[in-house]
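See below for input-v4.cif, which holds mmCIF, C-alpha atoms.
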```cif
data_work
#
loop_
_atom_site.label_atom_id
_atom_site.label_comp_id
_atom_site.auth_asym_id
_atom_site.auth_seq_id
_atom_site.Cartn_x
_atom_site.Cartn_y
_atom_site.Cartn_z
CA MET E 1 1.19 0.48 21.28
CA ASN E 2 -2.05 1.42 19.60
CA HIS E 3 -3.54 -1.79 18.17
CA ALA E 4 -4.47 -0.17 14.88
CA LEU E 5 -0.88 0.90 14.31
CA LEU E 6 0.39 -2.57 15.15
CA ILE E 7 -1.82 -4.08 12.47
CA PHE E 8 -0.74 -1.46 9.97
CA VAL E 9 3.01 -1.75 10.53
CA ILE E 10 2.89 -5.54 10.32
CA THR E 11 0.57 -5.91 7.40
CA LEU E 12 1.31 -2.98 5.13
CA ARG E 13 4.78 -3.83 4.08
CA LEU E 14 7.17 -3.90 1.16
CA LEU E 15 8.13 -7.48 0.45
CA LYS E 16 11.33 -7.75 -1.57
CA MET E 17 11.80 -11.15 -3.15
CA ALA E 18 14.83 -12.34 -5.04
CA VAL E 19 16.76 -15.50 -5.87
CA ALA E 20 20.44 -16.32 -6.06
CA ASP E 21 22.58 -19.42 -6.40
CA GLU E 22 22.68 -19.66 -2.62
CA GLY E 23 18.89 -19.50 -2.28
CA ILE E 24 16.88 -16.67 -0.72
CA CYS E 25 18.71 -13.35 -0.52
CA PRO E 26 17.91 -9.66 -0.04
CA SER E 27 16.89 -8.09 -3.33
CA THR E 28 18.76 -5.19 -4.87
CA SER E 29 17.37 -2.43 -6.99
CA MET E 30 17.15 -3.10 -10.69
CA VAL E 31 17.19 0.62 -11.42
CA ASP E 32 20.20 2.58 -12.64
CA SER E 33 19.64 6.17 -11.55
CA GLY E 34 21.36 7.34 -14.73
CA SER E 35 19.24 5.17 -16.98
CA ASP E 36 15.94 5.92 -18.68
CA LEU E 37 14.84 2.32 -18.04
CA LYS E 38 12.99 2.80 -14.76
CA HIS E 39 9.90 0.94 -13.65
CA LEU E 40 6.75 2.94 -12.98
CA TYR E 41 7.16 3.17 -9.21
CA TRP E 42 10.95 3.18 -9.05
CA LYS E 43 10.98 5.98 -6.47
CA VAL E 44 9.34 3.66 -3.92
CA THR E 45 12.44 1.48 -3.92
CA ASN E 46 14.82 4.36 -4.71
CA PRO E 47 13.51 7.33 -2.68
CA THR E 48 15.18 10.72 -3.03
CA LEU E 49 16.11 10.67 0.65
CA SER E 50 17.02 6.98 0.89
CA PRO E 51 18.38 5.07 3.89
CA SER E 52 21.84 5.06 2.28
CA HIS E 53 21.84 8.87 2.33
CA LEU E 54 21.44 8.79 6.10
CA GLN E 55 24.39 6.53 6.90
CA ASP E 56 26.35 9.47 8.30
CA LEU E 57 23.45 10.35 10.63
CA PRO E 58 23.16 7.35 12.96
CA GLY E 59 19.83 7.30 14.75
CA PHE E 60 18.19 9.84 12.43
CA THR E 61 14.75 9.12 11.04
CA ARG E 62 11.83 11.11 9.67
CA SER E 63 9.44 8.50 11.10
CA VAL E 64 6.89 9.70 13.65
CA TYR E 65 4.35 7.85 15.78
CA LYS E 66 1.55 9.64 17.58
CA GLN E 67 -1.72 8.51 19.12
CA ASP E 68 -3.78 9.25 16.02
CA HIS E 69 -1.29 8.96 13.14
CA ALA E 70 2.09 7.69 12.08
CA LEU E 71 4.61 8.39 9.31
CA ILE E 72 6.93 5.48 8.55
CA THR E 73 9.76 6.50 6.22
CA PRO E 74 12.05 4.20 4.16
CA GLU E 75 14.89 4.09 6.69
CA SER E 76 12.39 2.64 9.21
CA HIS E 77 10.61 0.08 7.02
CA ASP E 78 10.47 -3.32 8.68
CA SER E 79 9.35 -6.17 6.44
CA ASP E 80 7.59 -8.40 8.94
CA ILE E 81 6.79 -11.61 7.08
CA ARG E 82 4.70 -14.12 9.00
CA SER E 83 4.15 -16.48 6.09
CA VAL E 84 6.01 -19.63 5.09
CA PHE E 85 8.83 -19.36 2.53
CA ASP E 86 9.99 -22.12 0.25
CA ASN E 87 12.94 -22.04 -2.12
CA ALA E 88 12.33 -24.68 -4.76
CA GLY E 89 15.63 -24.06 -6.55
CA HIS E 90 14.00 -22.43 -9.57
CA GLY E 91 12.65 -19.31 -7.95
CA PHE E 92 11.19 -17.90 -4.80
CA THR E 93 7.77 -18.91 -3.46
CA LEU E 94 5.67 -17.26 -0.76
CA CYS E 95 3.08 -19.72 0.58
CA ASN E 96 0.02 -18.46 2.43
CA VAL E 97 -0.81 -19.71 5.89
CA PRO E 98 -4.65 -19.98 5.81
CA GLY E 99 -6.41 -17.71 8.26
CA LYS E 100 -9.22 -15.25 8.77
CA ASP E 101 -7.36 -12.35 7.12
CA ALA E 102 -8.32 -11.06 3.69
CA ARG E 103 -5.22 -10.13 1.70
CA PHE E 104 -4.62 -7.46 -0.95
CA ILE E 105 -1.43 -7.61 -3.03
CA PHE E 106 -0.14 -4.81 -5.26
CA VAL E 107 2.95 -5.12 -7.46
CA VAL E 108 5.34 -2.18 -7.25
CA GLN E 109 8.29 -3.67 -9.14
CA GLY E 110 8.92 -6.89 -11.06
CA ALA E 111 6.36 -9.67 -11.55
CA VAL E 112 4.97 -12.58 -9.56
CA THR E 113 2.74 -15.55 -10.34
CA LEU E 114 -0.25 -16.06 -8.05
CA THR E 115 -1.66 -19.59 -7.81
CA ASN E 116 -4.84 -20.34 -5.86
CA VAL E 117 -6.09 -23.54 -4.26
CA SER E 118 -7.76 -24.70 -7.50
CA GLY E 119 -4.44 -24.49 -9.35
CA THR E 120 -5.37 -21.42 -11.40
CA SER E 121 -2.39 -19.13 -11.98
CA ASP E 122 -2.27 -15.42 -12.85
CA LYS E 123 0.80 -13.34 -13.60
CA LEU E 124 0.83 -10.03 -11.74
CA THR E 125 3.03 -7.28 -13.16
CA VAL E 126 3.71 -3.68 -12.09
CA ASP E 127 0.47 -1.82 -11.28
CA SER E 128 -1.59 -5.02 -11.10
CA TYR E 129 -3.14 -6.45 -7.96
CA ALA E 130 -5.07 -9.28 -6.36
CA TYR E 131 -7.68 -9.48 -3.60
CA LEU E 132 -7.77 -12.82 -1.79
CA PRO E 133 -10.67 -13.74 0.52
CA PRO E 134 -9.91 -15.20 3.95
CA ASN E 135 -9.25 -18.94 4.32
CA VAL E 136 -8.08 -19.30 0.72
CA ASP E 137 -4.83 -21.16 0.13
CA HIS E 138 -2.55 -19.49 -2.38
CA SER E 139 1.09 -19.01 -3.27
CA LEU E 140 3.18 -16.28 -4.89
CA ARG E 141 6.22 -17.09 -6.99
CA CYS E 142 8.81 -14.92 -8.69
CA ASP E 143 11.84 -15.80 -10.77
CA ALA E 144 13.58 -12.45 -10.31
CA SER E 145 13.50 -9.46 -7.98
CA ALA E 146 10.00 -8.23 -7.13
CA THR E 147 8.58 -5.67 -4.70
CA LEU E 148 5.03 -6.02 -3.40
CA VAL E 149 2.74 -4.10 -1.10
CA VAL E 150 0.53 -6.34 1.02
CA PHE E 151 -2.49 -5.27 3.07
CA GLU E 152 -4.11 -7.75 5.42
CA ARG E 153 -7.29 -7.32 7.45
CA ARG E 154 -9.23 -9.65 9.70
CA HIS E 155 -12.39 -10.05 7.65
CA ASP E 156 -15.63 -8.88 9.28
CA SER E 157 -18.04 -11.21 7.51
CA LEU E 158 -21.79 -10.73 7.13
CA GLU E 159 -24.40 -13.46 7.02
CA ASN E 160 -25.15 -14.70 3.49
CA GLN E 161 -22.45 -12.42 2.06
CA SER E 162 -19.19 -13.66 0.54
CA THR E 163 -16.23 -12.14 -1.23
CA ASP E 164 -14.48 -13.39 -4.36
CA GLN E 165 -10.91 -13.45 -5.56
CA ILE E 166 -10.15 -10.42 -7.74
CA ILE E 167 -7.35 -9.97 -10.25
CA GLY E 168 -7.01 -6.53 -11.82
CA SER E 169 -4.78 -3.65 -12.88
CA THR E 170 -4.98 0.05 -12.15
CA ASP E 171 -5.23 1.13 -15.79
CA LYS E 172 -8.32 -1.04 -16.28
CA GLN E 173 -10.27 0.75 -13.55
CA PRO E 174 -12.43 3.73 -14.53
CA LEU E 175 -11.88 7.23 -13.22
CA LEU E 176 -14.63 8.07 -10.75
CA GLU E 177 -16.29 11.41 -10.09
CA THR E 178 -14.90 13.39 -7.16
CA PRO E 179 -17.39 16.24 -6.57
CA GLY E 180 -15.67 19.36 -5.28
CA GLU E 181 -12.20 17.86 -5.69
CA VAL E 182 -9.55 17.93 -8.44
CA PHE E 183 -7.71 14.66 -7.82
CA GLN E 184 -8.30 11.55 -9.93
CA LEU E 185 -9.76 8.52 -8.16
CA ARG E 186 -9.89 4.81 -8.95
CA LYS E 187 -11.27 2.08 -6.67
CA LEU E 188 -9.67 -1.34 -6.96
CA ILE E 189 -12.19 -3.42 -4.97
CA PRO E 190 -15.98 -3.63 -5.52
CA THR E 191 -18.04 -1.30 -3.33
CA SER E 192 -20.64 -3.97 -2.50
CA ILE E 193 -21.41 -4.62 1.17
CA SER E 194 -19.60 -7.96 1.18
CA TYR E 195 -16.23 -6.19 1.24
CA ASP E 196 -15.17 -4.50 4.48
CA PHE E 197 -12.34 -2.44 3.01
CA ASN E 198 -11.41 -0.81 -0.27
CA ILE E 199 -8.18 0.27 -1.91
CA HIS E 200 -8.06 3.61 -3.74
CA ILE E 201 -5.55 4.95 -6.23
CA MET E 202 -5.45 8.75 -6.00
CA ASP E 203 -3.56 11.03 -8.41
CA PHE E 204 -2.67 14.71 -7.86
CA GLN E 205 -0.90 16.93 -10.36
CA PRO E 206 1.74 19.33 -8.96
CA GLY E 207 0.04 22.17 -7.09
CA GLU E 208 -3.24 20.28 -6.58
CA TYR E 209 -4.55 19.64 -3.10
CA LEU E 210 -7.53 18.32 -1.17
CA ASN E 211 -10.26 20.92 -0.94
CA VAL E 212 -11.85 19.19 2.05
CA LYS E 213 -9.89 19.01 5.28
CA GLU E 214 -11.11 15.51 6.03
CA VAL E 215 -12.30 14.23 9.42
CA HIS E 216 -14.17 10.91 9.32
CA TYR E 217 -14.58 7.54 11.03
CA ASN E 218 -12.57 5.61 8.41
CA GLN E 219 -9.09 4.42 9.24
CA HIS E 220 -6.49 4.81 6.48
CA GLY E 221 -3.22 3.21 5.51
CA LEU E 222 -1.32 4.90 2.69
CA LEU E 223 1.80 4.30 0.58
CA LEU E 224 3.12 7.08 -1.64
CA LEU E 225 3.91 5.48 -5.00
CA GLU E 226 5.00 8.63 -6.85
CA GLY E 227 5.69 12.29 -6.18
CA GLN E 228 6.11 14.42 -3.10
CA GLY E 229 4.13 16.91 -1.08
CA ILE E 230 2.91 18.04 2.33
CA TYR E 231 0.60 15.97 4.50
CA ARG E 232 -1.28 17.49 7.42
CA LEU E 233 -2.09 14.95 10.14
CA GLY E 234 -3.75 16.39 13.22
CA ASP E 235 -1.84 19.56 14.07
CA SER E 236 1.38 18.40 12.40
CA TRP E 237 2.64 19.04 8.86
CA TYR E 238 4.99 16.55 7.20
CA PRO E 239 7.01 16.72 3.97
CA VAL E 240 6.49 13.33 2.32
CA GLN E 241 7.90 11.52 -0.71
CA ALA E 242 7.46 8.29 -2.68
CA GLY E 243 8.23 5.33 -0.43
CA ASP E 244 6.70 6.91 2.70
CA VAL E 245 3.95 5.06 4.56
CA ILE E 246 1.23 6.81 6.59
CA TRP E 247 -1.32 5.52 9.09
CA MET E 248 -4.35 7.67 9.98
CA ALA E 249 -6.66 6.81 12.86
CA PRO E 250 -10.40 7.51 12.70
CA PHE E 251 -11.29 11.20 13.04
CA VAL E 252 -7.74 12.56 12.71
CA PRO E 253 -7.80 15.77 10.61
CA GLN E 254 -6.02 15.08 7.32
CA TRP E 255 -5.09 17.08 4.22
CA TYR E 256 -2.63 16.75 1.34
CA ALA E 257 -0.99 19.07 -1.20
CA ALA E 258 1.18 17.85 -4.10
CA LEU E 259 4.50 19.64 -4.68
CA GLY E 260 7.41 19.17 -7.05
CA LYS E 261 7.44 18.66 -10.82
CA HIS E 262 5.72 15.31 -11.10
CA ARG E 263 2.32 13.90 -10.18
CA THR E 264 1.62 12.35 -6.82
CA ARG E 265 0.05 8.90 -6.78
CA TYR E 266 -0.78 7.06 -3.61
CA LEU E 267 -2.31 3.74 -2.69
CA LEU E 268 -4.88 4.19 0.06
CA TYR E 269 -6.52 1.61 2.33
CA LYS E 270 -9.96 2.52 3.70
CA ASP E 271 -12.26 0.44 5.89
CA VAL E 272 -15.88 0.58 4.66
CA ASN E 273 -19.35 -0.95 4.89
CA ARG E 274 -19.18 -1.77 8.62
CA ASN E 275 -20.56 0.06 11.62
CA PRO E 276 -17.53 1.60 13.37
CA LEU E 277 -19.27 1.22 16.75
#
```
Please go through the file and, once you have read it, give me the structure as structure tokens.
Amino acid sequence: MNHALLIFVITLRLLKMAVADEGICPSTSMVDSGSDLKHLYWKVTNPTLSPSHLQDLPGFTRSVYKQDHALITPESHDSDIRSVFDNAGHGFTLCNVPGKDARFIFVVQGAVTLTNVSGTSDKLTVDSYAYLPPNVDHSLRCDASATLVVFERRHDSLENQSTDQIIGSTDKQPLLETPGEVFQLRKLIPTSISYDFNIHIMDFQPGEYLNVKEVHYNQHGLLLLEGQGIYRLGDSWYPVQAGDVIWMAPFVPQWYAALGKHRTRYLLYKDVNRNPL
């Protein structure tokens, strides 16, 4: 298996955390499809074409893996969790195993409390996030169902350069200029050379599309948070929806168009500030 894909499938994952009288249990959706009370990214956990809709089609999946790209759809999501879990009786705690990986956490549904090695705690709610440098002890705790997206990357450090813990939310980040394009762009991590990857939030209104058919050295990992559309990857064209995950290798041709009646928003990983050679 391509090593880049292995990293992506393991480390870009939806972590569903919940508690019950018996201890740790699989979480269930808090969304009633007939209710107006839906969290911002409810389609990620309740996709239009959900795994339950495919129960009468054993073996069917929209997922695709090729040498230079992959589409991982909800019926194929595998939450690989290599961390240590502790049920303290009052909630659910995810404890970090210290290592050389930097970690980015984004809250899709629910809320969690992040506590670092100094004992400082921050509550992360839907659309908020945290960047954690490598070798930093921390824990995540929730007292109800929560869904997170976690990116991990082996940090490529530079001499005399260090990264800091970041706590933020999407709505606090400014819209950035996108010359020649119509989509809206926010960057969630500083662009300084200390950081070897960034996370973008990109918004497309229905009918909008990328003007540039991109080919570049950056590797991408992407989760559709809202909307639906068509993604071109190499010579293939894929209908995609909220909840789908995409991996793009360096130099694969890529292009997106938003369809449907609602905006598309996706969370995009991009490696930066390091020589690809």
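Among the candidates E:Leu114, E:Leu259, E:Leu222, E:Leu233, the one nearest to Gln205 in chain E when counting all atoms listed in the file is E:Leu259.
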- Ground truth for the PyMOL selection byres ((chain E and resi 156-171) around 7), written as number ranges by chain: E: 127-133, 154-155, 172-173, 194-196
- Message: Can you measure CA of Trp237 in chain E to CA of Lys261 in chain E for me? One decimal in Å is fine.
- Response: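 Atom-to-atom, CA of Trp237 in chain E to CA of Lys261 in chain E, that is 20.3 Å.
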- For CA of Pro47 in chain E and CA of Asn198 in chain E, determine how far apart the two atoms are, in Å to one decimal place.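 According to the coordinates, CA of Pro47 in chain E and CA of Asn198 in chain E are separated by 26.3 Å.
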- Message: As a check of understanding, name the residues that the PyMOL selection byres ((chain E and resi 203) around 10) selects in the supplied structure, as a list of chain:residue names.
- Response: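 Given this file, the PyMOL selection byres ((chain E and resi 203) around 10) evaluates to E:Val182, E:Phe183, E:Gln184, E:Leu185, E:Arg186, E:His200, E:Ile201, E:Met202, E:Phe204, E:Gln205, E:Pro206, E:Glu208, E:Leu225, E:Glu226, E:Gly227, E:Ala258, E:Arg263, E:Thr264, E:Arg265, E:Tyr266, E:Leu267.
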- In Å, how far is it from CA of Leu224 in chain E to CA of Thr73 in chain E?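 Atom-to-atom, CA of Leu224 in chain E to CA of Thr73 in chain E, that is 10.3 Å.
Distance check against His69 in chain E using all atoms listed in the file: of E:Gly243, E:Pro253, E:Pro51, E:Gly260, the minimum falls on E:Pro253.
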- Item | Picked residues, the PyMOL selection byres ((chain E and resi 214-221) around 10), expected as a PyMOL selection string | chain E and resi 4-5+8-9+12+68-70+151+197+199+210-213+222-223+233-234+245-256+267-272+274-277
First collect every listed atom of range 263-277 of chain E; then fit an axis-aligned box around them, widen it by 6 Å on each side, and give centre and edge lengths in Å to one decimal, as lines of an AutoDock Vina configuration file.
```
center_x = -9.1
center_y = 6.1
center_z = 3.3
size_x = 34.9
size_y = 27.7
size_z = 38.9
```
